[in-house]
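Structure first, commentary second.
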Amino acid sequence: MSELRIGLVGTGGIGRTHIERINNTLQGGKVVACADPVGAFGLSVAEKYGIKGFENPIDMINDPEIDAVMCTTADPYHEEYVLASIAAGKYVFCEKPLAPKADACKRIVEAEMKAGKKLVQVGFMRRYDEGYKQLKAAVDSGKYGEALLLHCAHRNPSVPADWDNSMAVENSMVHEIDVLRWLLGEDYATAEVRYGKSTNNGPKDLHDPQIMILTTKSGVRIDVESFVNNKNDYDIKCEIVCDGAVLNMPKPNYISVNANATTGQAMYTDCFQRFADAYNAEIQTWINASKAGYVDGPTAWDGYCCQVAAAAASKARETQTIVPVEYDEMPDFYKK
Ligand SMILES: NC(=O)c1ccc[n+]([C@@H]2O[C@H](COP(=O)([O-])OP(=O)(O)OC[C@H]3O[C@@H](n4cnc5c(N)ncnc54)[C@H](O)[C@@H]3O)[C@@H](O)[C@H]2O)c1
């Protein structure tokens with residue numbers, strides 16, 4: 001196959017950034033068609049990019065001229081289009097979360113096992129970020145002793161007006177839930193979510209900031225601050241306290257500016273700036289692996305595990321208790 005012919009379903013904000021990165025920056029694949037659950041919107045985006053538009057996303061997924069599928073719709077549609085891609089035997093990249101609920105993720109896992117081949121990659125791009133990759137390499141090297149505690153933060157300048165109390169976990173900190181499980185190489189045992197004193201920057205009834213506390217099966221304790229109306233910057237922190245060292249991930253800036261008696265670094269305002277290189281690496285890896293006939297990234301099983309932990313954290317938030325994280329046993333299919 002000279003070029004992977006990609007059909008993208010979900011032509012909203014991130015879908016369009018993926019069309020542009022694949023067609024203008026990356027190699028080995030082209031988005032040749034697109035569609036959206038809102039049919040007319042998908043057709044208008046197809047026209048904008050000069051690619052084929054399908055009114056019905058399922059027709060695009062089944063089209064023999066499409067080799068692989070990207071699903072970048074709003075979360076509730078992921079299951080339908082990922083299942084259709086598996087049924088068509090096509091590799092599918094699905095933006096996170098794989099599906100909003102763990103039981104929907106489980107249906108995808110079961111469909112993939114029935115198909116007898118891994119086809120699904122979930123869009124957890126932080127695994128491709130140089131900072132997280134170097135933290136993982138440092139932990140895995142064993143040079144610094146075991147990881148004991150992690151202190152993390154996920155801060156946004158502001159969020160859309162329809163943001164509610166559940167979204168700190170389910171929209172923001174799901175990224176930490178995935179990347180820290182991958183970084184430490186183990187599953188979670190418990191989840192807890194506590195509120196800070198609320199900021200006046202957001203709506204009155206919004207609990208912001210929130211702190212999620214996770215423990216892993218071996219006892220590593222993780223705290224993650226989510227502060228989505230900090231008014232300043234998109235700020236991601238990860239500090240790992242090991243028994244022989246402290247590992248820290250600084251902001252990845254190439255320059256600092258000396259002016260006005262201050263040395264300063266530019267701030268990021270959103271994930272697309274902060275993780276630009278990670279998105280490119282993630283999608284390039286997906287294109288290369290799909291052409292070579294395998295999945296080389298977060299699997300459907302990882303997507304399921306993430307939603308199990310997110311559901312436990314959401315329950316912990318609602319009940320203000322510590323909730324166990326209880327996964328089904330990993331099938332042999334995903335152990336290879
Ligand atoms: N990996 C990441 O960091 C990351 C970042 C952002 C979003 N996402 C995920 O990507 C998926 C899509 O998110 P998004 O931010 O692109 O959502 P979005 O709100 O921009 O688009 C989602 C859907 O809304 C509808 N829509 C949007 N604009 C429209 C318009 N002008 N006219 C008619 N309909 C319109 C479309 O059906 C579209 O597919 C979600 O699952 C989200 O969680 C992941």
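Following the order of the structure tokens, chains are lettered A, B, ..., residues in each are numbered from 1, and ligands are numbered from 1.
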Surrounding residues as a ChimeraX atom specification, ligand 1, max 7 Å, only C-alpha atoms and all ligand atoms: /A:10-15,36-38,41,72-75,95-97,123-125,171,271
Please produce an output containing N, CA and C atoms for each residue in the selection, written as a PDB file, in the first residue's frame.
```
ATOM      1  N   GLY A  10     -16.386  12.773  12.029  1.00  0.00           N
ATOM      2  CA  GLY A  10     -16.354  13.709  13.152  1.00  0.00           C
ATOM      3  C   GLY A  10     -15.530  14.917  12.767  1.00  0.00           C
ATOM      4  N   THR A  11     -16.169  15.883  12.092  1.00  0.00           N
ATOM      5  CA  THR A  11     -15.420  16.996  11.497  1.00  0.00           C
ATOM      6  C   THR A  11     -15.434  18.253  12.366  1.00  0.00           C
ATOM      7  N   GLY A  12     -15.524  18.060  13.702  1.00  0.00           N
ATOM      8  CA  GLY A  12     -15.459  19.184  14.645  1.00  0.00           C
ATOM      9  C   GLY A  12     -14.018  19.667  14.781  1.00  0.00           C
ATOM     10  N   GLY A  13     -13.736  20.306  15.934  1.00  0.00           N
ATOM     11  CA  GLY A  13     -12.436  20.962  16.135  1.00  0.00           C
ATOM     12  C   GLY A  13     -11.252  20.045  15.935  1.00  0.00           C
ATOM     13  N   ILE A  14     -11.185  18.951  16.691  1.00  0.00           N
ATOM     14  CA  ILE A  14      -9.968  18.130  16.602  1.00  0.00           C
ATOM     15  C   ILE A  14      -9.930  17.342  15.305  1.00  0.00           C
ATOM     16  N   GLY A  15     -11.096  16.973  14.784  1.00  0.00           N
ATOM     17  CA  GLY A  15     -11.137  16.251  13.504  1.00  0.00           C
ATOM     18  C   GLY A  15     -10.458  17.073  12.417  1.00  0.00           C
ATOM     19  N   ASP A  36     -19.816  13.266   9.045  1.00  0.00           N
ATOM     20  CA  ASP A  36     -20.121  13.681  10.421  1.00  0.00           C
ATOM     21  C   ASP A  36     -21.524  13.195  10.762  1.00  0.00           C
ATOM     22  N   PRO A  37     -21.773  12.912  12.051  1.00  0.00           N
ATOM     23  CA  PRO A  37     -23.151  12.578  12.443  1.00  0.00           C
ATOM     24  C   PRO A  37     -24.135  13.665  11.999  1.00  0.00           C
ATOM     25  N   VAL A  38     -23.664  14.923  11.983  1.00  0.00           N
ATOM     26  CA  VAL A  38     -24.481  15.997  11.390  1.00  0.00           C
ATOM     27  C   VAL A  38     -24.080  16.050   9.915  1.00  0.00           C
ATOM     28  N   PHE A  41     -22.992  19.102   7.910  1.00  0.00           N
ATOM     29  CA  PHE A  41     -21.750  19.704   8.417  1.00  0.00           C
ATOM     30  C   PHE A  41     -20.544  18.951   7.847  1.00  0.00           C
ATOM     31  N   THR A  72     -13.445  10.950  15.264  1.00  0.00           N
ATOM     32  CA  THR A  72     -13.219  12.152  16.080  1.00  0.00           C
ATOM     33  C   THR A  72     -14.548  12.853  16.349  1.00  0.00           C
ATOM     34  N   THR A  73     -15.594  12.066  16.455  1.00  0.00           N
ATOM     35  CA  THR A  73     -16.921  12.619  16.772  1.00  0.00           C
ATOM     36  C   THR A  73     -16.996  12.959  18.254  1.00  0.00           C
ATOM     37  N   ALA A  74     -18.110  13.573  18.654  1.00  0.00           N
ATOM     38  CA  ALA A  74     -18.416  13.709  20.078  1.00  0.00           C
ATOM     39  C   ALA A  74     -18.484  12.299  20.690  1.00  0.00           C
ATOM     40  N   ASP A  75     -18.167  12.209  21.975  1.00  0.00           N
ATOM     41  CA  ASP A  75     -17.971  10.909  22.641  1.00  0.00           C
ATOM     42  C   ASP A  75     -19.114   9.892  22.427  1.00  0.00           C
ATOM     43  N   GLU A  95     -10.548   8.943  18.925  1.00  0.00           N
ATOM     44  CA  GLU A  95     -10.149   9.932  19.940  1.00  0.00           C
ATOM     45  C   GLU A  95     -10.625   9.463  21.318  1.00  0.00           C
ATOM     46  N   LYS A  96      -9.938   9.922  22.343  1.00  0.00           N
ATOM     47  CA  LYS A  96     -10.332   9.557  23.704  1.00  0.00           C
ATOM     48  C   LYS A  96     -11.641  10.276  24.063  1.00  0.00           C
ATOM     49  N   PRO A  97     -12.509   9.753  24.901  1.00  0.00           N
ATOM     50  CA  PRO A  97     -12.454   8.394  25.444  1.00  0.00           C
ATOM     51  C   PRO A  97     -12.951   7.411  24.391  1.00  0.00           C
ATOM     52  N   GLY A 123      -7.005   7.560  21.281  1.00  0.00           N
ATOM     53  CA  GLY A 123      -6.228   8.800  21.148  1.00  0.00           C
ATOM     54  C   GLY A 123      -5.695   9.397  22.437  1.00  0.00           C
ATOM     55  N   PHE A 124      -4.923   8.625  23.158  1.00  0.00           N
ATOM     56  CA  PHE A 124      -4.241   9.173  24.343  1.00  0.00           C
ATOM     57  C   PHE A 124      -2.849   9.626  23.917  1.00  0.00           C
ATOM     58  N   MET A 125      -2.769  10.887  23.467  1.00  0.00           N
ATOM     59  CA  MET A 125      -1.537  11.330  22.817  1.00  0.00           C
ATOM     60  C   MET A 125      -0.393  11.585  23.788  1.00  0.00           C
ATOM     61  N   ASN A 171     -13.378  14.477  31.354  1.00  0.00           N
ATOM     62  CA  ASN A 171     -12.866  15.105  30.143  1.00  0.00           C
ATOM     63  C   ASN A 171     -11.390  15.464  30.283  1.00  0.00           C
ATOM     64  N   CYS A 271      -4.180  22.521  24.744  1.00  0.00           N
ATOM     65  CA  CYS A 271      -3.495  21.239  24.529  1.00  0.00           C
ATOM     66  C   CYS A 271      -2.864  21.158  23.142  1.00  0.00           C
TER      67      CYS A 271
END
```
message: Let's see if you can do this: from backbone DSSP, list all alpha helix (DSSP H) residues in region 53-160 of chain A, as a PyMOL selection string.
response: chain A and resi 57-62+78-87+102-115+130-141
query: Smallest atom-to-atom distance to Cys305 (chain A): which of A:Ala111, A:Ala168, A:Ile51, A:Ala102, using only C-alpha atoms?
result: A:Ala102
task: For each of A:Gly264, A:Gln320, A:Tyr49, A:Val139, take the minimum atom-to-atom distance to Asn24 (chain A), counting only C-alpha atoms, then give the residue where this is smallest.
output: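 That would be A:Tyr49, the residue with the smallest distance to Asn24 (chain A).
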message: If we count only C-alpha atoms and set the cut-off at 9 Å, which residues sit around Leu135 (chain A), ignoring sequence neighbours fewer than 5 positions away in its own chain? Please answer as a list in words.
response: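 Everything that qualifies: Glu130, Asp140, Leu183, Cys238, Ile240, Leu247, Asn248 and Met249 of chain A.
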